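Structure first, then comments.
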Amino acid sequence: MLLNVIDILSQYWELFLIGQYPHGPLGGLVNTLILASLALIIAFPLSVLLAVARTSPYGIFRHPVTVWVYVMRGIPLIMIIFWTYFLVPSLIGRNISGFTTMLCTLVLYQSAYLCEIVRGGLQSLPAGQTEASRALGLGYFRTMVFILLPQALYNSIPSLISQFISIIKETSLGYIINAQEMTFAANQVNNQLLVKPFEVYFILAVTYYLLCFGLTQLAQWFERRIDTKRQGDALIAT
Amino acid sequence: MIIFSKVNKWYGEYQALVDVNAEVKKGEVVVVCGPSGSGKSTLIRTVNRLEDIQGGQILYNGHDVYGVDSNLNTLRSRVGFVFQNFNLFPHMSVLDNITLAPTKLKGLNASYVKTKALELLDMVGMSHKANAYPNQLSGGQQQRVAIARALAMEPPAMLFDEPTSALDPEMVGEVLSVMKSLAKEGMTMMCVTHEMNFAREVADKVWFMDAGRILEVAEPETFFQNPTHPRAQSFISDIRA
Ligand SMILES: Nc1ncnc2c1ncn2[C@@H]1O[C@H](COP(=O)(O)OP(=O)(O)OP(=O)(O)O)[C@@H](O)[C@H]1O
Ligand SMILES: [Mg+2]
């Protein structure tokens with residue numbers, strides 16, 4: 001079994017790593033990472049805006065975002081994948097690649113989850129921070145930009161990394177719409193070998209696991225750092 | 001400088017301020033005291049609209065605080081406010097805490113603001129910690145920085161809400177001495193505090209509050225020796241005990 005695994009790896013590592021590139025589209029682990037990172041990079045600023053709206057004193061901003069968040073969090077990701085897959089081409093009148101579909105889906109879906117993380121970060125700050133800033137004469141937006149968001153985002157780093165882990169795992173669903181990524185690559189390998197599905201998917205699982213485990217460690221490291229800093233803050237200012 | 005006339009405030013059903021009429025004159029130091037829950041914090045927080053009022057009027061430096069035309073942020077930037085819990089911004093250095101408002105609100109040149117900030121830090125005895133972060137400071141040091149931060153906008157009056165209550169006893173003195181030197185320079189001050197020695201030494205007037213009303217306004221000596229209101233009498237015998 002282990003020999004088989006090593007054998008498969010030595011023969012197909014390129015496919016696992018970068019898909020058919022350079023003879024075909026880029027795929028594999030590299031594309032999984034690109035897809036997940038792009039999703040995070042685009043969804044994150046969006047989610048900060050959503051979180052600001054969601055904590056806004058004005059209902060016009062708050063209510064639509066609240067609905068958005070509830071809807072996105074209340075339906076399975078795969079439904080949104082299908083909707084994007086069928087809806088977007090009919091809206092814009094041309095086909096989009098599996099990769100783009102998956103990217104759009106993840107951005108929509110994750111914007112809601114990331115929004116809740118940022119909102120949690122904002123709301124867990126002591127009320128005294130807002131009061132002190134407003135008392136100095138800084139307005140709502142300056143308070144948000146200079147006082148609240150820097151602290152909230154910093155404190156949210158561990159949760160943001162955890163969410164990145166979820167995104168990485170969610171990219172594997174791109175397989176069903178032929179998005180080039182690692183699961184898709186593993187399936188190609190499996191189709192060529194036919195007789196060793198267990199070994200192939202074992203490699204796939206281990207790769208996901210190692211990737212996510214590493215990120216979990218990183219998240220925990222940040223968490224400890226932030227805790228130490230918080231204790232320092234709390235030591236005197238309670 | 002600060003004039004309260006017929007100020008009424010409710011928290012839902014509960015009336016926290018009842019027909020408050022009082023005045024803090026320019027250059028005066030007023031100490032507000034009274035039992036817990038009497039409305040001291042509520043009163044001082046109405047001056048910069050951290051709390052809204054439902055009736056009456058407050059004039060600050062000639063401006064109607066709750067008037068339709070008053071710009072809230074401009075008004076607040078003209079009121080120095082010091083909190084019980086300091087509320088320094090933990091993600092900024094001491095210096096940045098102080099320069100934030102003047103740079104953002106007045107758009108002043110950065111090096112000028114920094115020079116002014118260092119002068120203020122010098123005044124509160126904290127210039128050696130200009131580059132430290134709040135969590136590296138003791139409570140007394142944090143509160144002195146908070147005072148410097150409030151002074152940075154050069155407000156005509158300073159409000160203090162129990163500035164020493166969150167401090168260990170050995171740090172109370174350093175904060176009070178900064179407040180005393182401010183008073184000596186002629187700063188108009190309204191202080192909610194339980195530090196009766198501070199009231200005796202520095203205050204021009206003591207306001208005694210109970211159940212949302214100002215029951216007695218007196219000079220400190222008179223207030224401590226011969227309080228007229230029975231509630232004030234029992235309050236003073238309580239703090240003596
Ligand atoms: N946000 C609020 N909602 C409802 N009631 C409040 C609120 N803030 C204060 N109160 C009530 O208003 C009254 C006055 O409160 P305030 O904080 O002004 O008292 P205080 O004199 O400052 O007391 P302390 O010495 O304990 O600080 C209290 O009975 C309090 O329970
Ligand atoms: Mg109080």
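Labels for the structure tokens follow display order: chains A, B, ..., residues from 1 in each chain, ligands from 1.
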Within 9 Å of chain A: residues of chain B, using only C-alpha atoms, as a PyMOL selection string: chain B and resi 48-50+72-83+85-91+100-101+104-105+134-139+142+149-150+153+166-167
Leu17 (chain A) environment, 6 Å, only C-alpha atoms, sequence neighbours closer than 4 positions dropped, as a list in words: Trp13, Gly28, Leu29 and Val30 of chain A
What does the file look like for those residues with N, CA, C and O atoms, as a short mmCIF file (atom, residue, chain, number, x, y, z; two decimals), in the first residue's frame?
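Result file out-v9.cif:
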data_model
loop_
_atom_site.label_atom_id
_atom_site.label_comp_id
_atom_site.auth_asym_id
_atom_site.auth_seq_id
_atom_site.Cartn_x
_atom_site.Cartn_y
_atom_site.Cartn_z
N TRP A 13 3.19 13.15 -9.51
CA TRP A 13 3.27 14.31 -8.60
C TRP A 13 3.03 15.62 -9.31
O TRP A 13 2.42 16.54 -8.77
N GLY A 28 -4.38 21.29 -10.02
CA GLY A 28 -3.74 20.68 -8.87
C GLY A 28 -3.66 21.56 -7.66
O GLY A 28 -4.39 22.55 -7.52
N LEU A 29 -2.74 21.19 -6.78
CA LEU A 29 -2.58 21.90 -5.50
C LEU A 29 -2.37 23.40 -5.71
O LEU A 29 -2.95 24.22 -5.01
N VAL A 30 -1.54 23.74 -6.70
CA VAL A 30 -1.24 25.15 -6.93
C VAL A 30 -2.52 25.92 -7.23
O VAL A 30 -2.77 27.00 -6.69
#
What are the closest atom pairs, with distances in Å to one decimal, for all residues of chain B lying within 10 Å of ligand 2? Consider only C-alpha atoms and all ligand atoms, order rows by chain and residue number, and present the result as JSON lines.
{"residue": "B:Cys33", "atom": "CA", "partner": "ligand 2", "partner_atom_place_in_ligand_line": "1 (Mg)", "distance": 9.8}
{"residue": "B:Gly34", "atom": "CA", "partner": "ligand 2", "partner_atom_place_in_ligand_line": "1 (Mg)", "distance": 9.8}
{"residue": "B:Pro35", "atom": "CA", "partner": "ligand 2", "partner_atom_place_in_ligand_line": "1 (Mg)", "distance": 9.5}
{"residue": "B:Ser36", "atom": "CA", "partner": "ligand 2", "partner_atom_place_in_ligand_line": "1 (Mg)", "distance": 7.0}
{"residue": "B:Gly37", "atom": "CA", "partner": "ligand 2", "partner_atom_place_in_ligand_line": "1 (Mg)", "distance": 7.0}
{"residue": "B:Ser38", "atom": "CA", "partner": "ligand 2", "partner_atom_place_in_ligand_line": "1 (Mg)", "distance": 8.3}
{"residue": "B:Gly39", "atom": "CA", "partner": "ligand 2", "partner_atom_place_in_ligand_line": "1 (Mg)", "distance": 7.1}
{"residue": "B:Lys40", "atom": "CA", "partner": "ligand 2", "partner_atom_place_in_ligand_line": "1 (Mg)", "distance": 5.7}
{"residue": "B:Ser41", "atom": "CA", "partner": "ligand 2", "partner_atom_place_in_ligand_line": "1 (Mg)", "distance": 4.0}
{"residue": "B:Thr42", "atom": "CA", "partner": "ligand 2", "partner_atom_place_in_ligand_line": "1 (Mg)", "distance": 7.2}
{"residue": "B:Leu43", "atom": "CA", "partner": "ligand 2", "partner_atom_place_in_ligand_line": "1 (Mg)", "distance": 9.3}
{"residue": "B:Ile44", "atom": "CA", "partner": "ligand 2", "partner_atom_place_in_ligand_line": "1 (Mg)", "distance": 9.1}
{"residue": "B:Arg45", "atom": "CA", "partner": "ligand 2", "partner_atom_place_in_ligand_line": "1 (Mg)", "distance": 9.6}
{"residue": "B:Phe83", "atom": "CA", "partner": "ligand 2", "partner_atom_place_in_ligand_line": "1 (Mg)", "distance": 9.8}
{"residue": "B:Gln84", "atom": "CA", "partner": "ligand 2", "partner_atom_place_in_ligand_line": "1 (Mg)", "distance": 8.4}
{"residue": "B:Asp161", "atom": "CA", "partner": "ligand 2", "partner_atom_place_in_ligand_line": "1 (Mg)", "distance": 6.7}
{"residue": "B:Glu162", "atom": "CA", "partner": "ligand 2", "partner_atom_place_in_ligand_line": "1 (Mg)", "distance": 6.9}
{"residue": "B:Ser165", "atom": "CA", "partner": "ligand 2", "partner_atom_place_in_ligand_line": "1 (Mg)", "distance": 9.7}
{"residue": "B:Val192", "atom": "CA", "partner": "ligand 2", "partner_atom_place_in_ligand_line": "1 (Mg)", "distance": 7.7}
{"residue": "B:Thr193", "atom": "CA", "partner": "ligand 2", "partner_atom_place_in_ligand_line": "1 (Mg)", "distance": 9.0}
Shell of 10 Å around Ile3 (chain B), only C-alpha atoms, local chain residues under 6 positions omitted, as an NGL selection string: :B and (20-25 or 47 or 57-64)
Residue neighbourhood region 159-170 of chain A, 10 Å, only C-alpha atoms, exclusion window fewer than 6 positions, as a VMD selection string: chain A and resid 32 to 37 39 to 40 44 77 to 78 102 106 to 107 109 to 110 113 to 114 117 to 118 121 153 183 208 to 209 211 to 220 222 to 223
Which of chain B fall in alpha helix (DSSP H), as a ChimeraX atom specification: /B:40-46,72-77,94-101,110-123,139-151,169-184,196-202,220-225,230-240
Shell around Gly27 (chain A) at 7 Å using only C-alpha atoms, local window under 6 positions removed, as a PyMOL selection string: chain A and resi 18-20+180-182+185
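Using only C-alpha atoms for every distance, the candidate list B:Ile239, B:Val175, B:Val217, B:Ile147 yields B:Val175 as the residue closest to Phe198 (chain B).
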Proximity to Leu159 (chain B) - best of B:Asn197, B:Ser93, B:Ser127, B:Thr188, only C-alpha atoms: B:Thr188
Proximity to Ala51 (chain A) - best of A:Ala112, A:Met1, A:Ile203, A:Ile92, only C-alpha atoms: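 Ranking A:Ala112, A:Met1, A:Ile203, A:Ile92 by distance to Ala51 (chain A), first place goes to A:Ala112.
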Selection: 10 Å around Thr103 (chain B), only C-alpha atoms, excl. self and same-chain fewer than 5 positions, as a list in words: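 The contact residues come out as Asp96, Ile98, Leu108, Asn109, Ala110, Ser111, Tyr112, Val113, Lys114 and Met153 of chain B.
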Among chain B, which residues carry a DSSP assignment of strand (DSSP E), reported as a short mmCIF file (atom, residue, chain, number, x, y, z; two decimals) with N, CA and C atoms, in the first residue's frame?
data_model
loop_
_atom_site.label_atom_id
_atom_site.label_comp_id
_atom_site.auth_asym_id
_atom_site.auth_seq_id
_atom_site.Cartn_x
_atom_site.Cartn_y
_atom_site.Cartn_z
N ILE B 2 -20.18 76.14 31.61
CA ILE B 2 -21.16 75.05 31.42
C ILE B 2 -22.40 75.42 32.22
N ILE B 3 -23.52 75.56 31.53
CA ILE B 3 -24.76 75.92 32.22
C ILE B 3 -25.83 74.85 31.97
N PHE B 4 -26.28 74.26 33.07
CA PHE B 4 -27.39 73.30 32.97
C PHE B 4 -28.67 74.02 33.35
N SER B 5 -29.67 74.00 32.47
CA SER B 5 -30.94 74.56 32.95
C SER B 5 -32.10 73.59 32.72
N LYS B 6 -32.75 73.27 33.81
CA LYS B 6 -33.91 72.35 33.83
C LYS B 6 -33.63 71.08 33.04
N VAL B 7 -32.47 70.48 33.28
CA VAL B 7 -32.10 69.28 32.53
C VAL B 7 -32.81 68.05 33.10
N ASN B 8 -33.49 67.34 32.20
CA ASN B 8 -34.17 66.10 32.59
C ASN B 8 -33.73 64.98 31.67
N LYS B 9 -33.49 63.83 32.28
CA LYS B 9 -33.10 62.68 31.48
C LYS B 9 -33.73 61.41 32.00
N TRP B 10 -34.22 60.62 31.07
CA TRP B 10 -34.80 59.32 31.43
C TRP B 10 -34.02 58.20 30.77
N TYR B 11 -33.83 57.09 31.51
CA TYR B 11 -33.45 55.83 30.87
C TYR B 11 -34.73 55.01 30.85
N TYR B 14 -37.01 55.11 33.95
CA TYR B 14 -36.27 55.63 35.10
C TYR B 14 -35.73 57.03 34.83
N GLN B 15 -36.05 57.95 35.73
CA GLN B 15 -35.57 59.31 35.54
C GLN B 15 -34.22 59.48 36.23
N ALA B 16 -33.17 59.65 35.42
CA ALA B 16 -31.81 59.70 35.96
C ALA B 16 -31.39 61.12 36.34
N LEU B 17 -31.96 62.11 35.68
CA LEU B 17 -31.67 63.51 36.04
C LEU B 17 -33.00 64.24 36.17
N VAL B 18 -33.15 64.96 37.27
CA VAL B 18 -34.41 65.65 37.55
C VAL B 18 -34.17 67.14 37.70
N ASP B 19 -34.66 67.91 36.75
CA ASP B 19 -34.60 69.38 36.84
C ASP B 19 -33.26 69.91 37.34
N VAL B 20 -32.20 69.53 36.67
CA VAL B 20 -30.89 69.98 37.13
C VAL B 20 -30.61 71.40 36.64
N ASN B 21 -30.36 72.29 37.58
CA ASN B 21 -29.95 73.65 37.27
C ASN B 21 -28.61 73.90 37.94
N ALA B 22 -27.60 74.26 37.18
CA ALA B 22 -26.31 74.52 37.81
C ALA B 22 -25.41 75.19 36.81
N GLU B 23 -24.33 75.76 37.31
CA GLU B 23 -23.39 76.42 36.41
C GLU B 23 -21.95 76.22 36.86
N VAL B 24 -21.12 75.87 35.90
CA VAL B 24 -19.67 75.85 36.15
C VAL B 24 -19.12 77.11 35.48
N VAL B 29 -13.29 75.16 39.48
CA VAL B 29 -13.18 73.71 39.62
C VAL B 29 -14.38 73.23 40.44
N VAL B 30 -15.20 72.38 39.82
CA VAL B 30 -16.38 71.88 40.50
C VAL B 30 -16.20 70.39 40.74
N VAL B 31 -16.42 69.98 41.99
CA VAL B 31 -16.40 68.55 42.28
C VAL B 31 -17.83 68.07 42.47
N VAL B 32 -18.19 67.03 41.74
CA VAL B 32 -19.53 66.46 41.86
C VAL B 32 -19.41 65.20 42.70
N CYS B 33 -20.19 65.16 43.80
CA CYS B 33 -20.14 63.93 44.59
C CYS B 33 -21.56 63.50 44.94
N GLY B 55 -35.07 66.78 28.25
CA GLY B 55 -35.67 68.07 28.54
C GLY B 55 -34.63 69.04 29.07
N GLY B 56 -34.85 70.33 28.85
CA GLY B 56 -33.94 71.34 29.37
C GLY B 56 -32.88 71.71 28.35
N GLN B 57 -31.86 72.42 28.85
CA GLN B 57 -30.85 72.94 27.95
C GLN B 57 -29.47 72.91 28.63
N ILE B 58 -28.45 72.64 27.82
CA ILE B 58 -27.09 72.73 28.34
C ILE B 58 -26.30 73.64 27.42
N LEU B 59 -25.71 74.66 28.02
CA LEU B 59 -24.87 75.56 27.24
C LEU B 59 -23.42 75.27 27.59
N TYR B 60 -22.62 75.04 26.57
CA TYR B 60 -21.19 74.82 26.80
C TYR B 60 -20.42 75.90 26.07
N HIS B 63 -22.36 77.59 23.53
CA HIS B 63 -23.06 76.83 22.49
C HIS B 63 -24.13 75.94 23.11
N ASP B 64 -25.28 75.89 22.47
CA ASP B 64 -26.34 75.01 22.91
C ASP B 64 -25.98 73.57 22.48
N VAL B 79 -14.39 69.64 24.14
CA VAL B 79 -14.59 69.23 25.53
C VAL B 79 -13.56 68.16 25.87
N GLY B 80 -12.73 68.40 26.86
CA GLY B 80 -11.79 67.36 27.27
C GLY B 80 -12.50 66.40 28.21
N PHE B 81 -12.43 65.11 27.92
CA PHE B 81 -13.14 64.14 28.75
C PHE B 81 -12.19 63.03 29.19
N VAL B 82 -12.15 62.78 30.50
CA VAL B 82 -11.28 61.73 31.04
C VAL B 82 -12.16 60.68 31.71
N ALA B 157 -12.51 73.52 28.64
CA ALA B 157 -12.86 72.91 29.93
C ALA B 157 -12.57 71.42 29.89
N MET B 158 -12.32 70.86 31.08
CA MET B 158 -12.02 69.42 31.19
C MET B 158 -13.04 68.76 32.10
N LEU B 159 -13.52 67.59 31.68
CA LEU B 159 -14.45 66.82 32.50
C LEU B 159 -13.78 65.52 32.93
N PHE B 160 -13.94 65.19 34.19
CA PHE B 160 -13.33 63.95 34.71
C PHE B 160 -14.42 63.11 35.35
N ASP B 161 -14.57 61.87 34.91
CA ASP B 161 -15.54 60.98 35.55
C ASP B 161 -14.80 59.93 36.37
N THR B 188 -10.85 75.30 33.56
CA THR B 188 -12.21 75.05 34.05
C THR B 188 -12.40 73.54 34.13
N MET B 189 -12.80 73.06 35.30
CA MET B 189 -12.89 71.61 35.49
C MET B 189 -14.17 71.19 36.19
N MET B 190 -14.71 70.08 35.71
CA MET B 190 -15.86 69.46 36.39
C MET B 190 -15.44 68.03 36.67
N CYS B 191 -15.34 67.68 37.96
CA CYS B 191 -14.80 66.37 38.31
C CYS B 191 -15.78 65.58 39.17
N VAL B 192 -16.14 64.41 38.69
CA VAL B 192 -16.84 63.48 39.56
C VAL B 192 -15.76 62.71 40.29
N LYS B 205 -16.27 74.76 44.16
CA LYS B 205 -17.64 74.41 44.55
C LYS B 205 -17.76 72.90 44.62
N VAL B 206 -18.59 72.43 45.52
CA VAL B 206 -18.95 71.02 45.55
C VAL B 206 -20.44 70.93 45.24
N TRP B 207 -20.77 70.04 44.29
CA TRP B 207 -22.19 69.77 44.03
C TRP B 207 -22.49 68.40 44.62
N PHE B 208 -23.53 68.36 45.44
CA PHE B 208 -23.93 67.07 45.99
C PHE B 208 -25.18 66.57 45.27
N MET B 209 -25.09 65.37 44.73
CA MET B 209 -26.22 64.81 43.98
C MET B 209 -26.80 63.61 44.69
N ASP B 210 -28.11 63.49 44.58
CA ASP B 210 -28.77 62.26 45.02
C ASP B 210 -30.02 62.05 44.19
N ARG B 213 -30.90 64.52 41.37
CA ARG B 213 -31.01 65.96 41.64
C ARG B 213 -29.73 66.49 42.26
N ILE B 214 -29.45 67.76 42.00
CA ILE B 214 -28.38 68.41 42.75
C ILE B 214 -29.04 68.98 44.00
N LEU B 215 -28.67 68.41 45.15
CA LEU B 215 -29.35 68.81 46.38
C LEU B 215 -28.65 69.96 47.06
N GLU B 216 -27.33 70.06 46.81
CA GLU B 216 -26.61 71.09 47.52
C GLU B 216 -25.44 71.58 46.69
N VAL B 217 -25.27 72.89 46.64
CA VAL B 217 -24.10 73.48 46.00
C VAL B 217 -23.44 74.35 47.05
N ALA B 218 -22.17 74.05 47.36
CA ALA B 218 -21.54 74.80 48.45
C ALA B 218 -20.04 74.86 48.23
#
Nearest to ligand 1 by atom-to-atom distance, counting only C-alpha atoms and all ligand atoms, from B:Pro220, B:Gly212, B:Pro230, B:Gly107: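 Counting only C-alpha atoms and all ligand atoms, the residue closest to ligand 1 is B:Gly212.
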Interatomic distance, CA of Tyr66 (chain B) to CA of Pro156 (chain B) (Å, one decimal): 18.4 Å
